[in-house]
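Visitor: This is coords-v1.cif (mmCIF, C-alpha atoms).
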```cif
data_entry
loop_
_atom_site.label_atom_id
_atom_site.label_comp_id
_atom_site.auth_asym_id
_atom_site.auth_seq_id
_atom_site.Cartn_x
_atom_site.Cartn_y
_atom_site.Cartn_z
CA MET A 1 47.78 59.47 60.14
CA TRP A 2 50.54 58.11 57.95
CA SER A 3 53.17 58.89 60.63
CA SER A 4 51.21 57.05 63.32
CA PHE A 5 50.87 54.02 60.98
CA ILE A 6 54.64 54.01 60.40
CA VAL A 7 55.31 54.27 64.14
CA GLN A 8 52.99 51.37 64.87
CA ASP A 9 54.66 49.28 62.20
CA GLU A 10 58.09 50.06 63.65
CA GLU A 11 56.88 49.13 67.14
CA ILE A 12 55.60 45.80 65.88
CA ARG A 13 58.88 45.09 64.14
CA THR A 14 60.80 46.03 67.34
CA VAL A 15 58.72 43.72 69.48
CA ASN A 16 59.12 40.84 67.02
CA THR A 17 62.92 41.15 66.98
CA SER A 18 63.31 40.55 70.69
CA PRO A 19 65.31 37.41 71.52
CA GLY A 20 63.51 34.20 72.39
CA VAL A 21 60.33 35.15 70.64
CA HIS A 22 59.05 33.35 67.54
CA GLN A 23 59.32 35.60 64.47
CA PRO A 24 56.56 35.04 61.96
CA SER A 25 57.14 36.33 58.48
CA GLY A 26 55.42 39.70 58.17
CA GLY A 27 54.11 41.71 55.26
CA LEU A 28 53.59 40.36 51.75
CA GLY A 29 56.23 37.64 52.06
CA GLY A 30 54.51 36.11 55.07
CA PHE A 31 51.14 36.30 53.31
CA LEU A 32 52.48 34.53 50.25
CA GLY A 33 54.31 32.01 52.37
CA SER A 34 51.19 31.15 54.30
CA ARG A 35 49.23 30.78 51.05
CA GLY A 36 51.98 28.67 49.56
CA GLY A 37 51.94 26.42 52.59
CA GLY A 38 48.19 26.12 52.30
CA CYS A 39 48.52 25.15 48.66
CA LYS A 40 51.06 22.50 49.56
CA ARG A 41 48.83 21.12 52.28
CA ARG A 42 45.88 21.00 49.90
CA HIS A 43 47.99 19.24 47.29
CA ILE A 44 49.16 16.63 49.77
CA THR A 45 45.63 16.06 51.02
CA HIS A 46 44.33 15.77 47.44
CA SER A 47 46.94 13.24 46.39
CA SER A 48 46.51 11.20 49.56
CA SER A 49 42.75 10.89 49.04
CA GLY A 50 43.27 8.17 46.40
CA ASP A 51 41.61 10.10 43.58
CA GLY A 52 44.74 11.90 42.43
CA ILE A 53 47.10 11.00 39.59
CA SER A 54 50.65 9.99 40.42
CA GLU A 55 53.63 10.94 38.28
CA SER A 56 54.03 7.43 36.87
CA GLN A 57 50.34 7.24 36.09
CA GLU A 58 50.45 10.64 34.41
CA GLY A 59 53.20 9.41 32.09
CA LYS A 60 51.11 6.38 31.11
CA ILE A 61 48.10 8.62 30.47
CA LYS A 62 50.10 10.92 28.20
CA LEU A 63 51.53 7.96 26.27
CA THR A 64 48.04 6.51 25.78
CA LEU A 65 46.77 9.95 24.74
CA PHE A 66 49.47 10.07 22.06
CA MET A 67 48.15 6.76 20.72
CA ALA A 68 44.60 8.11 20.71
CA VAL A 69 45.64 11.33 18.95
CA THR A 70 47.39 9.24 16.29
CA GLY A 71 44.11 7.40 15.75
CA ILE A 72 42.24 10.70 15.50
CA MET A 73 44.65 11.97 12.85
CA LEU A 74 44.25 8.78 10.83
CA SER A 75 40.48 9.08 11.13
CA VAL A 76 40.48 12.65 9.85
CA LEU A 77 42.78 11.63 6.98
CA GLY A 78 40.63 8.68 6.00
CA VAL A 79 37.24 10.35 6.38
CA GLY A 80 38.31 13.47 4.50
CA THR A 81 39.76 11.70 1.45
CA GLU A 82 37.96 10.02 -1.46
CA PHE A 83 40.06 6.86 -1.80
CA TRP A 84 37.69 4.45 -0.11
CA VAL A 85 36.89 2.21 -3.06
CA GLU A 86 38.18 1.87 -6.63
CA LEU A 87 35.92 0.69 -9.47
CA LYS A 88 37.65 -0.63 -12.58
CA PRO A 89 35.88 -1.87 -15.72
CA SER A 90 37.50 -3.78 -18.54
CA LYS A 91 39.80 -1.95 -20.93
CA SER A 92 37.31 -2.26 -23.76
CA PHE A 93 34.37 -0.74 -21.86
CA TYR A 94 34.40 2.58 -23.78
CA ASN A 95 36.76 2.10 -26.69
CA ASN A 96 40.12 0.61 -27.49
CA GLN A 97 42.07 3.81 -26.78
CA THR A 98 41.02 4.99 -23.30
CA CYS A 99 39.53 3.45 -20.17
CA LEU A 100 38.00 4.90 -17.02
CA VAL A 101 38.61 4.26 -13.31
CA VAL A 102 36.34 5.62 -10.56
CA HIS A 103 37.21 6.10 -6.91
CA TYR A 104 35.06 7.72 -4.26
CA GLY A 105 34.61 8.11 -0.53
CA LEU A 106 31.99 9.57 1.76
CA TRP A 107 31.83 13.03 0.23
CA LYS A 108 33.41 13.11 -3.21
CA CYS A 109 33.69 11.00 -6.36
CA CYS A 110 36.55 11.16 -8.86
CA THR A 111 37.03 9.69 -12.32
CA LYS A 112 40.36 9.16 -14.03
CA THR A 113 40.87 8.44 -17.71
CA PHE A 114 43.88 6.42 -18.88
CA TRP A 115 45.35 5.61 -22.26
CA VAL A 116 45.21 1.91 -23.00
CA SER A 117 48.63 2.12 -24.65
CA ASP A 118 50.18 3.10 -21.27
CA MET A 119 49.03 -0.10 -19.59
CA ASP A 120 50.29 -3.65 -19.65
CA PRO A 121 48.86 -5.49 -22.70
CA LYS A 122 48.26 -8.58 -20.54
CA GLN A 123 46.10 -6.59 -18.13
CA GLU A 124 42.38 -7.05 -18.74
CA ILE A 125 41.00 -4.36 -16.44
CA CYS A 126 41.70 -0.64 -16.46
CA GLY A 127 44.97 0.51 -14.95
CA SER A 128 45.85 1.58 -11.39
CA LEU A 129 45.45 5.09 -10.05
CA HIS A 130 49.19 5.73 -9.91
CA LEU A 131 49.32 5.92 -13.71
CA GLN A 132 49.12 9.32 -15.37
CA GLY A 133 45.69 10.33 -16.60
CA GLU A 134 43.07 13.03 -16.66
CA SER A 135 41.17 13.38 -13.35
CA ASN A 136 37.78 14.93 -12.68
CA CYS A 137 36.26 15.15 -9.18
CA THR A 138 32.84 16.24 -7.94
CA PHE A 139 31.10 16.27 -4.56
CA PHE A 140 28.04 14.14 -3.95
CA LYS A 141 24.88 16.18 -4.35
CA PHE A 142 22.59 13.91 -2.35
CA TYR A 143 23.76 15.68 0.84
CA THR A 144 22.35 18.98 -0.45
CA THR A 145 19.86 18.57 -3.29
CA GLY A 146 19.19 14.83 -2.98
CA GLU A 147 20.39 14.18 -6.53
CA ASN A 148 22.30 10.92 -6.97
CA ILE A 149 25.29 10.31 -9.23
CA VAL A 150 25.47 7.81 -12.10
CA LEU A 151 28.60 5.66 -12.39
CA PHE A 152 28.90 3.08 -15.17
CA GLN A 153 25.13 3.33 -15.74
CA LYS A 154 24.56 2.54 -12.04
CA THR A 155 23.61 4.68 -9.06
CA PRO A 156 25.24 4.24 -5.63
CA GLU A 157 23.11 3.46 -2.60
CA LYS A 158 22.93 6.99 -1.21
CA ASP A 159 21.04 6.08 1.98
CA LEU A 160 23.78 3.72 3.11
CA THR A 161 26.44 6.27 2.19
CA VAL A 162 24.69 8.94 4.28
CA VAL A 163 24.44 6.55 7.25
CA SER A 164 28.13 5.71 7.04
CA ALA A 165 28.98 9.41 6.89
CA MET A 166 26.86 10.06 10.00
CA PHE A 167 28.69 7.27 11.85
CA ALA A 168 32.01 8.85 10.88
CA ILE A 169 31.00 12.34 12.07
CA ILE A 170 29.67 11.07 15.41
CA SER A 171 32.82 9.02 15.87
CA LEU A 172 35.04 12.07 15.31
CA PHE A 173 32.94 14.06 17.79
CA LEU A 174 33.37 11.36 20.45
CA MET A 175 37.12 11.30 19.83
CA VAL A 176 37.32 15.04 20.44
CA MET A 177 35.25 14.72 23.62
CA GLY A 178 37.49 11.93 24.88
CA THR A 179 40.58 14.03 24.24
CA ILE A 180 39.07 16.95 26.16
CA CYS A 181 38.34 14.65 29.10
CA ILE A 182 41.94 13.40 29.19
CA ILE A 183 43.33 16.95 29.05
CA MET A 184 41.08 17.93 31.97
CA ALA A 185 42.15 14.84 33.92
CA VAL A 186 45.84 15.71 33.50
CA ASN A 187 45.35 19.41 34.29
CA LYS A 188 43.12 18.84 37.32
CA GLY A 189 45.08 15.82 38.51
CA VAL A 190 42.01 13.62 39.08
CA GLN A 191 41.03 10.22 37.75
CA PHE A 192 37.35 11.04 37.43
CA PHE A 193 37.64 12.09 33.76
CA LEU A 194 39.40 8.87 32.70
CA LYS A 195 36.25 6.75 32.66
CA PRO A 196 34.15 9.03 30.40
CA ALA A 197 37.18 9.42 28.14
CA ALA A 198 37.52 5.64 27.89
CA VAL A 199 33.83 5.29 27.02
CA CYS A 200 34.13 8.00 24.34
CA PHE A 201 37.15 6.40 22.67
CA ILE A 202 35.78 2.85 22.73
CA LEU A 203 32.41 3.98 21.38
CA SER A 204 34.07 6.06 18.65
CA GLY A 205 36.11 3.06 17.52
CA VAL A 206 32.98 0.90 17.36
CA LEU A 207 31.23 3.55 15.26
CA ILE A 208 34.21 3.75 12.92
CA PHE A 209 34.00 0.02 12.23
CA LEU A 210 30.23 0.30 11.75
CA CYS A 211 30.92 3.06 9.24
CA LEU A 212 33.24 0.75 7.29
CA ILE A 213 30.72 -2.10 7.35
CA VAL A 214 27.85 0.09 6.13
CA PHE A 215 30.00 1.66 3.40
CA HIS A 216 31.14 -1.74 2.16
CA GLN A 217 27.52 -2.86 2.07
CA SER A 218 26.66 0.20 -0.03
CA VAL A 219 29.41 -0.74 -2.50
CA LEU A 220 28.11 -4.30 -2.76
CA SER A 221 24.58 -2.99 -3.32
CA PHE A 222 25.90 -0.69 -6.04
CA LEU A 223 27.65 -3.56 -7.81
CA ALA A 224 24.58 -5.81 -7.56
CA SER A 225 22.22 -3.21 -9.00
CA ASP A 226 23.19 -4.05 -12.60
CA GLN A 227 25.03 -7.26 -13.46
CA SER A 228 25.31 -6.44 -17.16
CA ILE A 229 28.38 -4.25 -16.55
CA PRO A 230 31.10 -6.24 -14.74
CA LEU A 231 33.26 -4.11 -12.47
CA HIS A 232 36.32 -4.96 -10.45
CA HIS A 233 36.31 -3.23 -7.06
CA GLU A 234 38.86 -2.98 -4.27
CA LEU A 235 39.01 -0.97 -1.06
CA SER A 236 41.73 1.68 -1.10
CA TRP A 237 44.10 3.24 1.42
CA SER A 238 41.53 5.56 3.05
CA VAL A 239 39.74 2.50 4.42
CA THR A 240 43.06 1.24 5.76
CA CYS A 241 43.60 4.54 7.61
CA VAL A 242 40.11 4.46 9.09
CA GLY A 243 40.44 0.81 10.14
CA CYS A 244 43.79 1.42 11.86
CA ALA A 245 42.32 4.49 13.55
CA GLY A 246 39.41 2.47 14.93
CA ALA A 247 41.76 -0.16 16.36
CA LEU A 248 43.98 2.51 17.95
CA VAL A 249 41.18 4.42 19.67
CA ILE A 250 39.55 1.25 20.99
CA PHE A 251 42.87 0.07 22.41
CA ALA A 252 43.53 3.52 23.89
CA GLY A 253 40.06 3.55 25.46
CA ALA A 254 40.68 0.14 27.03
CA LEU A 255 43.99 1.39 28.47
CA PHE A 256 42.29 4.49 29.90
CA LEU A 257 39.71 2.21 31.51
CA VAL A 258 42.47 0.14 33.09
CA LEU A 259 44.23 3.27 34.35
CA ALA A 260 40.96 4.46 35.92
CA LEU A 261 40.71 1.36 38.11
CA PRO A 262 41.38 1.92 41.82
CA TYR A 263 43.88 -0.93 41.82
CA SER A 264 46.52 -2.26 39.47
CA PRO A 265 45.23 -5.29 37.52
CA TRP A 266 48.76 -6.66 37.18
CA GLU A 267 49.21 -6.71 40.95
CA LYS A 268 45.76 -8.26 41.32
CA CYS A 269 46.38 -11.02 38.79
CA LEU A 270 50.08 -11.53 39.53
CA PRO A 271 50.63 -10.86 43.23
CA LYS A 272 54.20 -10.40 44.42
CA LYS A 273 55.78 -13.37 46.16
CA ASN A 274 56.60 -12.89 49.84
CA SER A 275 60.37 -12.79 50.18
CA ASP A 276 60.27 -13.19 53.98
CA ILE A 277 60.30 -16.88 54.93
#
```
Please go through the file and, once you have read it, give me the structure as structure tokens.

Guide:
Amino acid sequence: MWSSFIVQDEEIRTVNTSPGVHQPSGGLGGFLGSRGGGCKRRHITHSSSGDGISESQEGKIKLTLFMAVTGIMLSVLGVGTEFWVELKPSKSFYNNQTCLVVHYGLWKCCTKTFWVSDMDPKQEICGSLHLQGESNCTFFKFYTTGENIVLFQKTPEKDLTVVSAMFAIISLFLMVMGTICIIMAVNKGVQFFLKPAAVCFILSGVLIFLCLIVFHQSVLSFLASDQSIPLHHELSWSVTCVGCAGALVIFAGALFLVLALPYSPWEKCLPKKNSDI
């Protein structure tokens, strides 16, 4: 059986080597070549259908994705840290030797005690956080047990804080979904995933700004709960990170939406002048 198979194979090879006859590639090489040609034909057909991504467009998508990833990193940094707002009483709130500064975010609250002698004598409120002092941090318990925290004989508005934290979590989830859509668009070479990615990024940026608005409202409600204790408050660098992140992801989502259009908006708005007179 094996000998007859070898003889037949040799006869086929002999017939194919005769002059003037077309010689197709035989064996495994011809099989792979035919499959490779089929792949090339499919690729050309796919790119000519108008739904594919060109090389120049792929570069723009990757650059916009880098901008969006930068926004995601800033969002994670801002949401995960506790430097959203700083509360500073007067230096004489407790005694004439030490004063207390409070800063908190969405999940954790920290207090820092300073020596009055280390601060500027002309300064009326407690010192900045960059000064050396004793720190003590604790997580908010109203996410687990419902117990609220007391700061300067006041209690923060926990409902507004929980709502702002929910906005932040949903926003991060939409950012991840948008990134997955862009990765699939680049890998598959289709523009279909650009539109849902654009919607995810724009919506996540809007939710980030809603998170900042609700959190700031919770701080104002906290300060207005008891006017007998004057407090100086200022938003810290975590809010700056989150705000910059929201602007970046919204801008990236708008760029993805432009790239998903079937035509170039620049060519539509600014048509080329006809050089032939």

Visitor: Neighbouring residues of range 178-180 of chain A were defined as those with any atom within 7 Å, considering all atoms listed in the file; residues of the same chain fewer than 5 positions away were excluded. Please report them as a ChimeraX atom specification.

Guide: /A:197-198,200-201

Visitor: For the structure shown, which residues end up in the PyMOL selection byres ((chain A and resi 233) around 10)? Put them as a compact mmCIF listing (two decimals) with C-alpha atoms, in the frame of the given file, please?

Guide:
```txt
# COMPACT_ATOMS: atom_id res chain seq x y z
CA VAL A 85 36.89 2.21 -3.06
CA GLU A 86 38.18 1.87 -6.63
CA LEU A 87 35.92 0.69 -9.47
CA LYS A 88 37.65 -0.63 -12.58
CA PRO A 89 35.88 -1.87 -15.72
CA VAL A 102 36.34 5.62 -10.56
CA HIS A 103 37.21 6.10 -6.91
CA VAL A 219 29.41 -0.74 -2.50
CA LEU A 220 28.11 -4.30 -2.76
CA LEU A 223 27.65 -3.56 -7.81
CA PRO A 230 31.10 -6.24 -14.74
CA LEU A 231 33.26 -4.11 -12.47
CA HIS A 232 36.32 -4.96 -10.45
CA GLU A 234 38.86 -2.98 -4.27
CA LEU A 235 39.01 -0.97 -1.06
CA SER A 236 41.73 1.68 -1.10
```

Visitor: When the PyMOL selection byres ((chain A and resi 78) around 7) is applied to the structure above, which residues does it catch, written out as a PyMOL selection string?

Guide: chain A and resi 74-77+79-81+238-239+241-242

Visitor: May I ask which of the residues A:Ile229, A:Cys126, A:Met175, A:Leu203 is the closest one to Met67 in chain A, counting all atoms listed in the file?

Guide: A:Met175

Visitor: Of the residues A:Ala168, A:Ile202, A:Leu255, A:Ile208, which is the one nearest to Leu106 in chain A, using all atoms listed in the file?

Guide: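 For Leu106 in chain A, the nearest of the candidates is A:Ala168.
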
Visitor: List as a list in words the residues having at least one atom at most 9 Å from position (46.5, 6.1, 30.5) as given in the file, counting all atoms listed in the file.

Guide: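 Counting all atoms listed in the file, I find these residues within 9 Å of (46.5, 6.1, 30.5): Gln57, Glu58, Gly59, Lys60, Ile61, Lys62, Leu63, Thr64, Leu65, Ile182, Leu194, Ala252, Gly253, Leu255, Phe256, Leu257, Val258, Leu259 and Ala260 of chain A.
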
Visitor: Tell me which residues the PyMOL selection byres ((chain A and resi 129-146) around 12) grabs here, as JSON, numbers by chain.

Guide: {"A": [80, 81, 82, 83, 85, 86, 87, 88, 98, 99, 100, 101, 102, 103, 104, 105, 106, 107, 108, 109, 110, 111, 112, 113, 114, 115, 116, 117, 118, 119, 120, 126, 127, 128, 147, 148, 149, 150, 151, 155, 156, 157, 158, 159, 160, 161, 162, 163, 165, 166, 234, 236, 237]}

Visitor: For C-alpha atoms, I'd like the residues from the last selection saved as a CSV table (one decimal), keeping the file's coordinate frame.

Guide:
```
chain,number,residue,atom,x,y,z
A,80,GLY,CA,38.3,13.5,4.5
A,81,THR,CA,39.8,11.7,1.4
A,82,GLU,CA,38.0,10.0,-1.5
A,83,PHE,CA,40.1,6.9,-1.8
A,85,VAL,CA,36.9,2.2,-3.1
A,86,GLU,CA,38.2,1.9,-6.6
A,87,LEU,CA,35.9,0.7,-9.5
A,88,LYS,CA,37.6,-0.6,-12.6
A,98,THR,CA,41.0,5.0,-23.3
A,99,CYS,CA,39.5,3.4,-20.2
A,100,LEU,CA,38.0,4.9,-17.0
A,101,VAL,CA,38.6,4.3,-13.3
A,102,VAL,CA,36.3,5.6,-10.6
A,103,HIS,CA,37.2,6.1,-6.9
A,104,TYR,CA,35.1,7.7,-4.3
A,105,GLY,CA,34.6,8.1,-0.5
A,106,LEU,CA,32.0,9.6,1.8
A,107,TRP,CA,31.8,13.0,0.2
A,108,LYS,CA,33.4,13.1,-3.2
A,109,CYS,CA,33.7,11.0,-6.4
A,110,CYS,CA,36.6,11.2,-8.9
A,111,THR,CA,37.0,9.7,-12.3
A,112,LYS,CA,40.4,9.2,-14.0
A,113,THR,CA,40.9,8.4,-17.7
A,114,PHE,CA,43.9,6.4,-18.9
A,115,TRP,CA,45.4,5.6,-22.3
A,116,VAL,CA,45.2,1.9,-23.0
A,117,SER,CA,48.6,2.1,-24.6
A,118,ASP,CA,50.2,3.1,-21.3
A,119,MET,CA,49.0,-0.1,-19.6
A,120,ASP,CA,50.3,-3.6,-19.6
A,126,CYS,CA,41.7,-0.6,-16.5
A,127,GLY,CA,45.0,0.5,-15.0
A,128,SER,CA,45.8,1.6,-11.4
A,147,GLU,CA,20.4,14.2,-6.5
A,148,ASN,CA,22.3,10.9,-7.0
A,149,ILE,CA,25.3,10.3,-9.2
A,150,VAL,CA,25.5,7.8,-12.1
A,151,LEU,CA,28.6,5.7,-12.4
A,155,THR,CA,23.6,4.7,-9.1
A,156,PRO,CA,25.2,4.2,-5.6
A,157,GLU,CA,23.1,3.5,-2.6
A,158,LYS,CA,22.9,7.0,-1.2
A,159,ASP,CA,21.0,6.1,2.0
A,160,LEU,CA,23.8,3.7,3.1
A,161,THR,CA,26.4,6.3,2.2
A,162,VAL,CA,24.7,8.9,4.3
A,163,VAL,CA,24.4,6.6,7.2
A,165,ALA,CA,29.0,9.4,6.9
A,166,MET,CA,26.9,10.1,10.0
A,234,GLU,CA,38.9,-3.0,-4.3
A,236,SER,CA,41.7,1.7,-1.1
A,237,TRP,CA,44.1,3.2,1.4
```

Visitor: Do a neighbour search on Val206 in chain A at 10 Å with all atoms listed in the file, toss out local chain neighbours closer than 2 positions, and write the hits as a PyMOL selection string.

Guide: chain A and resi 167+171+201-204+208-211+246-247+249-250

Visitor: One decimal, Å: what's the distance from CA of Ala185 in chain A over to CA of Gly205 in chain A, could you say?

Guide: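 Between CA of Ala185 in chain A and CA of Gly205 in chain A the gap works out to 21.1 Å.
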
Visitor: Between A:Ala245, A:Leu174, A:Ala224, A:Val199, which has the minimum distance to Leu212 in chain A (counting only C-alpha atoms)?

Guide: A:Ala245

Visitor: Quick one: axis-aligned box around all listed atoms of range 206-225 of chain A, 3 Å on every side, centre and edge lengths in Å to one decimal, written as lines of an AutoDock Vina configuration file.

Guide:
```
center_x = 28.2
center_y = -1.0
center_z = 4.2
size_x = 18.0
size_y = 15.6
size_z = 32.4
```

Visitor: From the options A:Pro262, A:Pro196, A:Ile183, A:His216, which residue's atoms come nearest to Val69 in chain A, counting all atoms listed in the file?

Guide: A:Ile183

Visitor: For CA of Ser54 in chain A and CA of Val190 in chain A, quote the distance in Å rounded to one decimal.

Guide: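 CA of Val190 in chain A lies 9.5 Å from CA of Ser54 in chain A.
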
Visitor: Could you please determine the separation between CA of Val214 in chain A and CA of Ser164 in chain A in Å, to one decimal place?

Guide: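 Separation of CA of Val214 in chain A and CA of Ser164 in chain A: 5.7 Å.
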
Visitor: Taking only C-alpha atoms into account, name the residue in A:Ser90, A:Phe173, A:Leu248, A:Phe152 that is nearest to Glu124 in chain A.

Guide: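 Selected residue with least distance to Glu124 in chain A: A:Ser90.
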